[in-house]
Amino acid sequence: MESRITLTVDGDVRTVTVDTRTTLLDALRNHLGATAPKKGCDRGQCGACTVLVDGRRVTSCLSLAVAQDGVEVLTAQGLGDQDELHPMQQAFLDHDGFQCGFCTPGQVCSALGMLEELRSGRPSYVTADLDAEPELAADEIRERMSGNLCRCAAYVNIVAAIQQAAKA
Ligand code: FES
Ligand code: FES
């Protein structure tokens with residue numbers, strides 16, 4: 001069974017017909033040419049496919065495209081370009097927050113979603129004082145980014161990059 005859906009992807013309104021079993025990740029990569037989100041595990045374990053859906057981070061391999069009909073999807077590709085990087089992209093560059101780069105589009109989107117969650121006061125597993133505003137401590141970043149794996153193990157630099165971007 002097929003279904004026709006409309007998504008706004010990185011600012012462009014796109015309409016596409018997909019099998020109803022198609023994930024958002026496959027719709028983006030295979031039908032819409034948006035290849036920034038990567039297919040690492042295809043089962044919600046690595047975070048490489050993370051995109052922002054209406055501003056919230058989503059592992060796109062776990063979401064059916066038809067369930068996202070009408071939403072706004074932002075991938076790392078839509079954040080900035082080589083001439084004008086998004087502050088989060090620039091921070092990853094400044095701090096060597098990557099080696100092979102495979103996980104980076106997902107890391108960048110997840111970091112932006114995570115900062116928004118922090119700013120809205122949502123606690124994490126390591127938030128000690130639930131009555132206080134969560135702070136941007138390294139352990140908060142590590143916990144909130146724990147769904148994004150990096151096989152190159154650039155974790156220390158990723159934390160530093162997120163701290164820089166948060167100040168920007
Ligand atoms: S590809 Fe989606 S979490 Fe790994
Ligand atoms: S930079 Fe290689 S997997 Fe993260």
# chains A, B, ... in the order shown; residues from 1 in each chain; ligands from 1
>>> select_by_dssp(residues="region 24-165 of chain A", states="helix (DSSP H, G or I)", output="compact mmCIF listing (two decimals) with all heavy atoms, in the first residue's frame")
# COMPACT_ATOMS: atom_id res chain seq x y z
N LEU A 24 11.03 7.26 7.83
CA LEU A 24 11.36 8.65 7.49
C LEU A 24 12.78 8.72 6.93
O LEU A 24 13.04 9.46 5.98
CB LEU A 24 11.22 9.53 8.74
CG LEU A 24 11.62 11.00 8.57
CD1 LEU A 24 10.77 11.69 7.50
CD2 LEU A 24 11.50 11.73 9.90
N LEU A 25 13.69 7.94 7.51
CA LEU A 25 15.08 7.95 7.03
C LEU A 25 15.15 7.54 5.56
O LEU A 25 15.81 8.20 4.75
CB LEU A 25 15.94 7.01 7.88
CG LEU A 25 17.39 6.84 7.44
CD1 LEU A 25 18.14 8.16 7.48
CD2 LEU A 25 18.10 5.79 8.27
N ASP A 26 14.47 6.45 5.21
CA ASP A 26 14.53 6.00 3.81
C ASP A 26 13.80 6.98 2.88
O ASP A 26 14.22 7.17 1.74
CB ASP A 26 13.92 4.60 3.69
CG ASP A 26 14.87 3.53 4.21
OD1 ASP A 26 16.08 3.82 4.34
OD2 ASP A 26 14.42 2.40 4.48
N ALA A 27 12.73 7.59 3.36
CA ALA A 27 12.04 8.58 2.53
C ALA A 27 12.99 9.76 2.25
O ALA A 27 13.08 10.24 1.11
CB ALA A 27 10.78 9.08 3.24
N LEU A 28 13.70 10.18 3.28
CA LEU A 28 14.62 11.31 3.10
C LEU A 28 15.76 10.93 2.15
O LEU A 28 16.04 11.65 1.18
CB LEU A 28 15.20 11.74 4.45
CG LEU A 28 14.23 12.43 5.41
CD1 LEU A 28 14.85 12.57 6.80
CD2 LEU A 28 13.84 13.81 4.88
N ARG A 29 16.40 9.81 2.42
CA ARG A 29 17.59 9.44 1.66
C ARG A 29 17.26 8.92 0.26
O ARG A 29 17.89 9.31 -0.71
CB ARG A 29 18.40 8.39 2.42
CG ARG A 29 19.09 8.91 3.67
CD ARG A 29 19.96 7.80 4.30
NE ARG A 29 20.92 7.30 3.34
CZ ARG A 29 22.11 7.86 3.13
NH1 ARG A 29 22.48 8.93 3.82
NH2 ARG A 29 22.93 7.35 2.23
N ASN A 30 16.27 8.02 0.18
CA ASN A 30 16.04 7.32 -1.08
C ASN A 30 15.03 8.00 -2.00
O ASN A 30 15.07 7.81 -3.21
CB ASN A 30 15.56 5.89 -0.80
CG ASN A 30 16.58 5.11 0.02
OD1 ASN A 30 17.74 5.49 0.09
ND2 ASN A 30 16.14 4.04 0.66
N HIS A 31 14.12 8.77 -1.42
CA HIS A 31 13.08 9.40 -2.24
C HIS A 31 13.29 10.90 -2.41
O HIS A 31 12.81 11.49 -3.38
CB HIS A 31 11.70 9.16 -1.63
CG HIS A 31 11.31 7.72 -1.61
ND1 HIS A 31 10.59 7.11 -2.63
CD2 HIS A 31 11.53 6.75 -0.70
CE1 HIS A 31 10.40 5.84 -2.35
NE2 HIS A 31 10.95 5.58 -1.18
N SER A 60 15.29 9.05 12.79
CA SER A 60 14.39 8.91 11.64
C SER A 60 14.24 7.47 11.16
O SER A 60 13.30 7.15 10.44
CB SER A 60 14.84 9.81 10.49
OG SER A 60 16.17 9.50 10.09
N CYS A 61 15.14 6.57 11.60
CA CYS A 61 14.98 5.17 11.20
C CYS A 61 13.87 4.49 11.98
O CYS A 61 13.43 3.39 11.61
CB CYS A 61 16.29 4.40 11.37
SG CYS A 61 16.74 4.09 13.09
N LEU A 62 13.43 5.11 13.06
CA LEU A 62 12.39 4.51 13.90
C LEU A 62 11.01 5.10 13.64
O LEU A 62 10.05 4.74 14.32
CB LEU A 62 12.72 4.69 15.39
CG LEU A 62 13.87 3.87 15.95
CD1 LEU A 62 13.96 4.07 17.45
CD2 LEU A 62 13.71 2.40 15.63
N ALA A 65 7.46 7.29 7.62
CA ALA A 65 7.30 8.55 6.89
C ALA A 65 5.84 9.00 6.90
O ALA A 65 5.56 10.20 7.04
CB ALA A 65 7.80 8.37 5.45
N VAL A 66 4.91 8.07 6.77
CA VAL A 66 3.50 8.47 6.72
C VAL A 66 3.03 9.08 8.04
O VAL A 66 2.08 9.86 8.06
CB VAL A 66 2.58 7.27 6.35
CG1 VAL A 66 2.77 6.86 4.90
CG2 VAL A 66 2.80 6.10 7.29
N ALA A 67 3.73 8.73 9.12
CA ALA A 67 3.37 9.30 10.42
C ALA A 67 3.85 10.74 10.54
O ALA A 67 3.48 11.44 11.48
CB ALA A 67 3.95 8.46 11.55
N GLN A 68 4.70 11.15 9.62
CA GLN A 68 5.27 12.51 9.68
C GLN A 68 4.70 13.42 8.59
O GLN A 68 5.25 14.50 8.34
CB GLN A 68 6.81 12.43 9.54
CG GLN A 68 7.48 11.56 10.58
CD GLN A 68 7.36 12.11 12.00
OE1 GLN A 68 6.89 13.23 12.20
NE2 GLN A 68 7.76 11.33 12.97
N ALA A 76 21.09 18.10 8.92
CA ALA A 76 22.32 18.87 9.08
C ALA A 76 22.63 19.67 7.82
O ALA A 76 23.23 20.74 7.87
CB ALA A 76 23.48 17.94 9.43
N GLN A 77 22.19 19.14 6.68
CA GLN A 77 22.43 19.81 5.40
C GLN A 77 21.72 21.15 5.32
O GLN A 77 22.18 22.07 4.64
CB GLN A 77 21.94 18.90 4.28
CG GLN A 77 22.56 19.14 2.94
CD GLN A 77 22.25 18.02 1.98
OE1 GLN A 77 21.87 16.92 2.37
NE2 GLN A 77 22.41 18.29 0.71
N GLY A 78 20.62 21.27 6.02
CA GLY A 78 19.83 22.49 5.98
C GLY A 78 20.26 23.53 7.00
O GLY A 78 19.73 24.64 7.02
N PRO A 87 26.45 27.80 13.86
CA PRO A 87 27.38 27.82 15.00
C PRO A 87 27.69 26.42 15.55
O PRO A 87 28.82 26.18 16.01
CB PRO A 87 26.64 28.66 16.04
CG PRO A 87 25.77 29.57 15.24
CD PRO A 87 25.36 28.78 14.03
N MET A 88 26.74 25.51 15.50
CA MET A 88 27.02 24.16 15.98
C MET A 88 27.99 23.45 15.04
O MET A 88 28.91 22.75 15.48
CB MET A 88 25.72 23.35 16.12
CG MET A 88 25.90 21.98 16.76
SD MET A 88 26.50 22.06 18.47
CE MET A 88 24.98 22.49 19.32
N GLN A 89 27.80 23.61 13.75
CA GLN A 89 28.73 23.01 12.79
C GLN A 89 30.13 23.62 12.95
O GLN A 89 31.13 22.91 12.94
CB GLN A 89 28.22 23.24 11.36
CG GLN A 89 26.92 22.51 11.04
CD GLN A 89 26.34 22.95 9.71
OE1 GLN A 89 26.29 24.13 9.39
NE2 GLN A 89 25.84 21.98 8.94
N GLN A 90 30.18 24.94 13.13
CA GLN A 90 31.46 25.62 13.31
C GLN A 90 32.17 25.12 14.56
O GLN A 90 33.38 24.92 14.58
CB GLN A 90 31.23 27.13 13.39
CG GLN A 90 32.52 27.94 13.45
CD GLN A 90 33.36 27.80 12.18
OE1 GLN A 90 32.86 28.01 11.09
NE2 GLN A 90 34.63 27.44 12.33
N ALA A 91 31.39 24.90 15.61
CA ALA A 91 31.98 24.44 16.87
C ALA A 91 32.55 23.03 16.71
O ALA A 91 33.63 22.73 17.25
CB ALA A 91 30.92 24.46 17.97
N PHE A 92 31.86 22.16 15.98
CA PHE A 92 32.41 20.82 15.72
C PHE A 92 33.72 20.94 14.95
O PHE A 92 34.67 20.18 15.20
CB PHE A 92 31.39 19.96 14.95
CG PHE A 92 30.48 19.17 15.83
CD1 PHE A 92 29.53 19.79 16.62
CD2 PHE A 92 30.57 17.78 15.87
CE1 PHE A 92 28.67 19.06 17.45
CE2 PHE A 92 29.71 17.03 16.70
CZ PHE A 92 28.77 17.68 17.48
N LEU A 93 33.77 21.87 14.01
CA LEU A 93 34.99 22.08 13.24
C LEU A 93 36.10 22.61 14.14
O LEU A 93 37.23 22.11 14.13
CB LEU A 93 34.69 23.09 12.13
CG LEU A 93 35.61 23.15 10.92
CD1 LEU A 93 35.70 21.80 10.23
CD2 LEU A 93 35.09 24.20 9.94
N ASP A 94 35.78 23.61 14.95
CA ASP A 94 36.78 24.24 15.83
C ASP A 94 37.39 23.24 16.81
O ASP A 94 38.56 23.36 17.18
CB ASP A 94 36.15 25.39 16.62
CG ASP A 94 35.75 26.55 15.73
OD1 ASP A 94 36.19 26.60 14.57
OD2 ASP A 94 34.97 27.41 16.20
N THR A 104 28.45 12.58 12.31
CA THR A 104 28.38 14.02 12.60
C THR A 104 27.04 14.68 12.27
O THR A 104 26.54 15.47 13.09
CB THR A 104 29.54 14.75 11.89
OG1 THR A 104 30.76 14.04 12.15
CG2 THR A 104 29.68 16.18 12.39
N PRO A 105 26.41 14.40 11.13
CA PRO A 105 25.11 15.04 10.88
C PRO A 105 24.10 14.73 11.97
O PRO A 105 23.34 15.61 12.40
CB PRO A 105 24.68 14.46 9.52
CG PRO A 105 25.97 14.07 8.86
CD PRO A 105 26.85 13.58 9.97
N GLY A 106 24.11 13.50 12.45
CA GLY A 106 23.20 13.13 13.53
C GLY A 106 23.61 13.77 14.84
O GLY A 106 22.77 14.22 15.63
N GLN A 107 24.91 13.85 15.09
CA GLN A 107 25.40 14.48 16.33
C GLN A 107 24.98 15.94 16.38
O GLN A 107 24.53 16.44 17.42
CB GLN A 107 26.94 14.41 16.40
CG GLN A 107 27.53 13.02 16.40
CD GLN A 107 27.61 12.38 17.78
OE1 GLN A 107 27.12 12.92 18.76
NE2 GLN A 107 28.21 11.21 17.86
N VAL A 108 25.15 16.64 15.26
CA VAL A 108 24.85 18.07 15.21
C VAL A 108 23.35 18.31 15.45
O VAL A 108 22.97 19.19 16.23
CB VAL A 108 25.30 18.66 13.85
CG1 VAL A 108 24.75 20.05 13.64
CG2 VAL A 108 26.84 18.68 13.79
N CYS A 109 22.51 17.54 14.77
CA CYS A 109 21.06 17.70 14.97
C CYS A 109 20.67 17.34 16.39
O CYS A 109 19.85 18.02 17.02
CB CYS A 109 20.30 16.84 13.97
SG CYS A 109 20.36 17.46 12.28
N SER A 110 21.25 16.27 16.90
CA SER A 110 20.91 15.84 18.25
C SER A 110 21.35 16.89 19.27
O SER A 110 20.64 17.18 20.23
CB SER A 110 21.58 14.50 18.55
OG SER A 110 21.10 13.97 19.74
N ALA A 111 22.51 17.49 19.03
CA ALA A 111 23.02 18.52 19.95
C ALA A 111 22.07 19.72 19.98
O ALA A 111 21.80 20.27 21.06
CB ALA A 111 24.42 18.95 19.52
N LEU A 112 21.57 20.11 18.84
CA LEU A 112 20.64 21.24 18.81
C LEU A 112 19.34 20.89 19.53
O LEU A 112 18.81 21.70 20.29
CB LEU A 112 20.36 21.65 17.35
CG LEU A 112 21.55 22.31 16.65
CD1 LEU A 112 21.29 22.46 15.17
CD2 LEU A 112 21.82 23.68 17.28
N GLY A 113 18.84 19.70 19.29
CA GLY A 113 17.62 19.27 19.98
C GLY A 113 17.84 19.18 21.47
O GLY A 113 16.99 19.57 22.28
N MET A 114 19.01 18.68 21.84
CA MET A 114 19.34 18.53 23.26
C MET A 114 19.41 19.87 23.97
O MET A 114 18.91 20.03 25.08
CB MET A 114 20.67 17.78 23.35
CG MET A 114 21.18 17.56 24.73
SD MET A 114 22.15 18.95 25.33
CE MET A 114 23.70 18.65 24.53
N LEU A 115 20.02 20.86 23.32
CA LEU A 115 20.12 22.19 23.94
C LEU A 115 18.74 22.79 24.15
O LEU A 115 18.48 23.44 25.16
CB LEU A 115 20.97 23.12 23.07
CG LEU A 115 22.48 22.84 23.07
CD1 LEU A 115 23.19 23.85 22.17
CD2 LEU A 115 23.04 22.91 24.47
N GLU A 116 17.86 22.55 23.21
CA GLU A 116 16.50 23.07 23.35
C GLU A 116 15.79 22.39 24.51
O GLU A 116 15.06 23.03 25.27
CB GLU A 116 15.74 22.84 22.03
CG GLU A 116 14.58 23.76 21.80
CD GLU A 116 14.88 25.23 22.10
OE1 GLU A 116 15.89 25.75 21.62
OE2 GLU A 116 14.10 25.84 22.86
N GLU A 117 16.00 21.09 24.66
CA GLU A 117 15.40 20.36 25.79
C GLU A 117 15.94 20.90 27.11
O GLU A 117 15.20 21.07 28.08
CB GLU A 117 15.73 18.86 25.67
CG GLU A 117 15.01 18.18 24.52
CD GLU A 117 15.67 16.87 24.12
OE1 GLU A 117 16.44 16.31 24.92
OE2 GLU A 117 15.44 16.42 22.98
N LEU A 118 17.24 21.18 27.12
CA LEU A 118 17.86 21.72 28.34
C LEU A 118 17.28 23.10 28.66
O LEU A 118 16.95 23.39 29.81
CB LEU A 118 19.37 21.81 28.12
CG LEU A 118 20.22 21.98 29.37
CD1 LEU A 118 20.43 20.64 30.06
CD2 LEU A 118 21.58 22.58 29.00
N ARG A 119 17.17 23.94 27.62
CA ARG A 119 16.66 25.30 27.84
C ARG A 119 15.22 25.29 28.31
O ARG A 119 14.79 26.18 29.03
CB ARG A 119 16.78 26.11 26.54
CG ARG A 119 18.20 26.48 26.21
CD ARG A 119 18.27 27.49 25.07
NE ARG A 119 19.67 27.71 24.70
CZ ARG A 119 20.20 27.34 23.54
NH1 ARG A 119 19.46 26.74 22.64
NH2 ARG A 119 21.47 27.55 23.29
N ALA A 138 29.31 19.04 31.71
CA ALA A 138 29.75 17.99 30.79
C ALA A 138 28.97 16.69 30.99
O ALA A 138 28.64 16.00 30.03
CB ALA A 138 31.25 17.75 30.97
N ASP A 139 28.65 16.36 32.26
CA ASP A 139 27.93 15.10 32.47
C ASP A 139 26.49 15.19 31.93
O ASP A 139 25.93 14.19 31.47
CB ASP A 139 27.96 14.67 33.94
CG ASP A 139 27.26 15.64 34.86
OD1 ASP A 139 27.06 16.80 34.45
OD2 ASP A 139 26.90 15.26 35.98
N GLU A 140 25.91 16.39 31.95
CA GLU A 140 24.57 16.56 31.35
C GLU A 140 24.65 16.35 29.84
O GLU A 140 23.80 15.69 29.25
CB GLU A 140 24.03 17.97 31.62
CG GLU A 140 23.37 18.16 32.97
CD GLU A 140 21.97 17.54 33.05
OE1 GLU A 140 21.49 16.97 32.06
OE2 GLU A 140 21.39 17.60 34.14
N ILE A 141 25.68 16.92 29.22
CA ILE A 141 25.83 16.78 27.77
C ILE A 141 26.06 15.31 27.41
O ILE A 141 25.43 14.76 26.51
CB ILE A 141 26.98 17.64 27.25
CG1 ILE A 141 26.66 19.13 27.46
CG2 ILE A 141 27.24 17.37 25.77
CD1 ILE A 141 27.77 20.07 27.08
N ARG A 142 26.95 14.66 28.16
CA ARG A 142 27.25 13.25 27.86
C ARG A 142 25.99 12.39 27.97
O ARG A 142 25.71 11.54 27.12
CB ARG A 142 28.33 12.73 28.80
CG ARG A 142 29.74 13.18 28.42
CD ARG A 142 30.79 12.37 29.16
NE ARG A 142 30.81 12.67 30.58
CZ ARG A 142 31.56 13.61 31.13
NH1 ARG A 142 32.41 14.30 30.38
NH2 ARG A 142 31.52 13.86 32.41
N GLU A 143 25.21 12.62 29.03
CA GLU A 143 24.00 11.83 29.21
C GLU A 143 22.99 12.10 28.10
O GLU A 143 22.43 11.18 27.51
CB GLU A 143 23.38 12.16 30.58
CG GLU A 143 21.98 11.62 30.81
CD GLU A 143 21.89 10.11 30.74
OE1 GLU A 143 22.92 9.43 30.92
OE2 GLU A 143 20.77 9.61 30.49
N ARG A 144 22.79 13.37 27.81
CA ARG A 144 21.77 13.74 26.82
C ARG A 144 22.19 13.35 25.41
O ARG A 144 21.35 13.22 24.53
CB ARG A 144 21.48 15.24 26.92
CG ARG A 144 20.74 15.61 28.20
CD ARG A 144 20.66 17.11 28.39
NE ARG A 144 20.18 17.48 29.71
CZ ARG A 144 18.90 17.74 30.00
NH1 ARG A 144 17.99 17.71 29.05
NH2 ARG A 144 18.55 18.06 31.22
N TYR A 155 34.23 11.74 21.39
CA TYR A 155 33.29 12.21 22.42
C TYR A 155 33.78 13.43 23.19
O TYR A 155 33.02 14.36 23.43
CB TYR A 155 32.97 11.07 23.40
CG TYR A 155 32.25 9.92 22.76
CD1 TYR A 155 32.86 8.68 22.64
CD2 TYR A 155 30.96 10.06 22.27
CE1 TYR A 155 32.21 7.61 22.04
CE2 TYR A 155 30.29 9.00 21.67
CZ TYR A 155 30.93 7.78 21.56
OH TYR A 155 30.28 6.73 20.97
N VAL A 156 35.04 13.43 23.60
CA VAL A 156 35.54 14.55 24.40
C VAL A 156 35.41 15.85 23.61
O VAL A 156 34.98 16.89 24.13
CB VAL A 156 37.02 14.30 24.80
CG1 VAL A 156 37.61 15.53 25.47
CG2 VAL A 156 37.11 13.10 25.73
N ASN A 157 35.77 15.80 22.35
CA ASN A 157 35.72 17.01 21.51
C ASN A 157 34.28 17.40 21.19
O ASN A 157 33.97 18.58 21.01
CB ASN A 157 36.51 16.78 20.23
CG ASN A 157 37.98 16.53 20.52
OD1 ASN A 157 38.41 16.60 21.66
ND2 ASN A 157 38.74 16.23 19.49
N ILE A 158 33.40 16.43 21.10
CA ILE A 158 31.98 16.73 20.84
C ILE A 158 31.40 17.50 22.02
O ILE A 158 30.67 18.48 21.84
CB ILE A 158 31.20 15.43 20.57
CG1 ILE A 158 31.60 14.86 19.20
CG2 ILE A 158 29.69 15.67 20.64
CD1 ILE A 158 31.06 13.47 18.91
N VAL A 159 31.74 17.09 23.22
CA VAL A 159 31.25 17.80 24.41
C VAL A 159 31.76 19.24 24.40
O VAL A 159 31.00 20.19 24.63
CB VAL A 159 31.69 17.08 25.71
CG1 VAL A 159 31.39 17.93 26.93
CG2 VAL A 159 30.98 15.73 25.82
N ALA A 160 33.04 19.42 24.08
CA ALA A 160 33.61 20.78 24.03
C ALA A 160 32.92 21.61 22.95
O ALA A 160 32.64 22.80 23.14
CB ALA A 160 35.10 20.70 23.77
N ALA A 161 32.62 21.00 21.83
CA ALA A 161 31.95 21.72 20.74
C ALA A 161 30.57 22.17 21.15
O ALA A 161 30.15 23.31 20.88
CB ALA A 161 31.87 20.81 19.50
N ILE A 162 29.85 21.31 21.82
CA ILE A 162 28.49 21.67 22.24
C ILE A 162 28.53 22.79 23.26
O ILE A 162 27.69 23.70 23.23
CB ILE A 162 27.77 20.42 22.78
CG1 ILE A 162 27.53 19.42 21.65
CG2 ILE A 162 26.44 20.80 23.44
CD1 ILE A 162 26.99 18.08 22.10
N GLN A 163 29.51 22.75 24.14
CA GLN A 163 29.63 23.84 25.13
C GLN A 163 29.91 25.17 24.43
O GLN A 163 29.35 26.20 24.79
CB GLN A 163 30.73 23.50 26.15
CG GLN A 163 30.27 22.43 27.12
CD GLN A 163 31.37 21.95 28.04
OE1 GLN A 163 32.51 21.74 27.62
NE2 GLN A 163 31.05 21.75 29.31
N GLN A 164 30.75 25.13 23.40
CA GLN A 164 31.03 26.38 22.65
C GLN A 164 29.78 26.86 21.93
O GLN A 164 29.42 28.03 21.97
CB GLN A 164 32.14 26.15 21.62
CG GLN A 164 32.35 27.37 20.71
CD GLN A 164 33.41 27.15 19.67
OE1 GLN A 164 34.53 26.78 20.01
NE2 GLN A 164 33.09 27.39 18.40
N ALA A 165 29.09 25.95 21.26
CA ALA A 165 27.91 26.34 20.48
C ALA A 165 26.81 26.88 21.39
O ALA A 165 26.08 27.80 21.00
CB ALA A 165 27.40 25.15 19.68
>>> residues_near_ligand(ligand="ligand 2", cutoff="8 Å", atoms="only C-alpha atoms and all ligand atoms", output="list in words")
Gly97, Phe98, Gln99, Cys100, Gly101, Phe102, Cys103, Thr104, Leu149, Cys150, Arg151, Cys152, Ala153 and Ala154 of chain A
>>> atom_distance(atom1="CA of Asp69 (chain A)", atom2="CA of Ser146 (chain A)")
28.2 Å
>>> closest_residue(among="A:Asp54, A:Glu2, A:Asp10, A:Asp42", to="ligand 1", atoms="only C-alpha atoms and all ligand atoms")
A:Asp42
>>> atom_distance(atom1="CA of Ile5 (chain A)", atom2="CA of Gly80 (chain A)")
25.7 Å
>>> atom_distance(atom1="CA of Thr59 (chain A)", atom2="atom 3 (S, counted along the ligand's line) of ligand 1")
5.5 Å
>>> residues_around(residues="Ala132 (chain A)", least_positions_apart="3", cutoff="10 Å", atoms="only C-alpha atoms", output="PyMOL selection string")
chain A and resi 121+123+127-129+135
>>> residues_near_ligand(ligand="ligand 1", cutoff="6 Å", atoms="only C-alpha atoms and all ligand atoms", output="PyMOL selection string")
chain A and resi 39-49+59-61
>>> write_last_selection(atoms="all heavy atoms", output="mmCIF file, in the first residue's frame")
data_model
loop_
_atom_site.group_PDB
_atom_site.id
_atom_site.type_symbol
_atom_site.label_atom_id
_atom_site.label_comp_id
_atom_site.auth_asym_id
_atom_site.auth_seq_id
_atom_site.Cartn_x
_atom_site.Cartn_y
_atom_site.Cartn_z
ATOM 1 N N LYS A 39 22.407 6.126 7.657
ATOM 2 C CA LYS A 39 21.863 4.857 8.149
ATOM 3 C C LYS A 39 23.005 4.069 8.779
ATOM 4 O O LYS A 39 23.836 3.482 8.082
ATOM 5 C CB LYS A 39 21.222 4.056 7.020
ATOM 6 C CG LYS A 39 20.547 2.789 7.522
ATOM 7 C CD LYS A 39 19.908 1.984 6.409
ATOM 8 C CE LYS A 39 18.593 2.578 5.979
ATOM 9 N NZ LYS A 39 17.817 1.666 5.094
ATOM 10 N N GLY A 40 23.065 4.092 10.097
ATOM 11 C CA GLY A 40 24.103 3.353 10.796
ATOM 12 C C GLY A 40 23.609 1.971 11.163
ATOM 13 O O GLY A 40 24.099 0.964 10.667
ATOM 14 N N CYS A 41 22.614 1.918 12.030
ATOM 15 C CA CYS A 41 22.123 0.625 12.522
ATOM 16 C C CYS A 41 20.739 0.285 11.983
ATOM 17 O O CYS A 41 20.371 -0.868 11.903
ATOM 18 C CB CYS A 41 22.070 0.659 14.037
ATOM 19 S SG CYS A 41 20.885 1.877 14.683
ATOM 20 N N ASP A 42 19.960 1.299 11.639
ATOM 21 C CA ASP A 42 18.581 1.129 11.161
ATOM 22 C C ASP A 42 17.676 0.505 12.224
ATOM 23 O O ASP A 42 16.677 -0.122 11.908
ATOM 24 C CB ASP A 42 18.546 0.281 9.880
ATOM 25 C CG ASP A 42 17.343 0.627 9.000
ATOM 26 O OD1 ASP A 42 16.763 1.716 9.175
ATOM 27 O OD2 ASP A 42 16.981 -0.204 8.132
ATOM 28 N N ARG A 43 18.060 0.639 13.478
ATOM 29 C CA ARG A 43 17.234 0.084 14.563
ATOM 30 C C ARG A 43 17.264 0.931 15.836
ATOM 31 O O ARG A 43 17.099 0.423 16.937
ATOM 32 C CB ARG A 43 17.635 -1.358 14.854
ATOM 33 C CG ARG A 43 19.074 -1.522 15.281
ATOM 34 C CD ARG A 43 19.418 -2.965 15.528
ATOM 35 N NE ARG A 43 19.368 -3.738 14.291
ATOM 36 C CZ ARG A 43 19.592 -5.040 14.210
ATOM 37 N NH1 ARG A 43 19.883 -5.718 15.297
ATOM 38 N NH2 ARG A 43 19.543 -5.676 13.068
ATOM 39 N N GLY A 44 17.538 2.221 15.695
ATOM 40 C CA GLY A 44 17.430 3.117 16.845
ATOM 41 C C GLY A 44 18.538 3.049 17.854
ATOM 42 O O GLY A 44 18.380 3.519 18.981
ATOM 43 N N GLN A 45 19.689 2.497 17.476
ATOM 44 C CA GLN A 45 20.745 2.316 18.471
ATOM 45 C C GLN A 45 21.925 3.259 18.323
ATOM 46 O O GLN A 45 22.714 3.381 19.256
ATOM 47 C CB GLN A 45 21.253 0.871 18.419
ATOM 48 C CG GLN A 45 20.202 -0.126 18.887
ATOM 49 C CD GLN A 45 20.689 -1.554 18.834
ATOM 50 O OE1 GLN A 45 21.613 -1.865 18.092
ATOM 51 N NE2 GLN A 45 20.065 -2.422 19.589
ATOM 52 N N CYS A 46 22.085 3.918 17.175
ATOM 53 C CA CYS A 46 23.327 4.680 16.962
ATOM 54 C C CYS A 46 23.133 6.185 16.865
ATOM 55 O O CYS A 46 24.063 6.945 17.097
ATOM 56 C CB CYS A 46 24.043 4.182 15.716
ATOM 57 S SG CYS A 46 23.263 4.683 14.154
ATOM 58 N N GLY A 47 21.963 6.648 16.482
ATOM 59 C CA GLY A 47 21.705 8.087 16.391
ATOM 60 C C GLY A 47 22.194 8.752 15.115
ATOM 61 O O GLY A 47 22.014 9.959 14.942
ATOM 62 N N ALA A 48 22.808 7.981 14.206
ATOM 63 C CA ALA A 48 23.352 8.598 12.987
ATOM 64 C C ALA A 48 22.268 9.205 12.100
ATOM 65 O O ALA A 48 22.536 10.083 11.285
ATOM 66 C CB ALA A 48 24.146 7.559 12.196
ATOM 67 N N CYS A 49 21.043 8.738 12.273
ATOM 68 C CA CYS A 49 19.936 9.184 11.416
ATOM 69 C C CYS A 49 19.143 10.342 12.030
ATOM 70 O O CYS A 49 18.086 10.700 11.515
ATOM 71 C CB CYS A 49 18.989 8.013 11.188
ATOM 72 S SG CYS A 49 18.213 7.483 12.738
ATOM 73 N N THR A 59 14.992 10.033 15.864
ATOM 74 C CA THR A 59 15.775 9.036 15.133
ATOM 75 C C THR A 59 14.915 8.579 13.963
ATOM 76 O O THR A 59 13.955 7.833 14.139
ATOM 77 C CB THR A 59 16.168 7.850 16.043
ATOM 78 O OG1 THR A 59 15.038 7.476 16.835
ATOM 79 C CG2 THR A 59 17.290 8.212 16.966
ATOM 80 N N SER A 60 15.287 9.053 12.791
ATOM 81 C CA SER A 60 14.386 8.909 11.643
ATOM 82 C C SER A 60 14.240 7.473 11.161
ATOM 83 O O SER A 60 13.297 7.155 10.439
ATOM 84 C CB SER A 60 14.843 9.815 10.493
ATOM 85 O OG SER A 60 16.168 9.505 10.091
ATOM 86 N N CYS A 61 15.135 6.574 11.598
ATOM 87 C CA CYS A 61 14.982 5.170 11.196
ATOM 88 C C CYS A 61 13.871 4.487 11.981
ATOM 89 O O CYS A 61 13.434 3.393 11.614
ATOM 90 C CB CYS A 61 16.289 4.399 11.371
ATOM 91 S SG CYS A 61 16.744 4.088 13.093
#
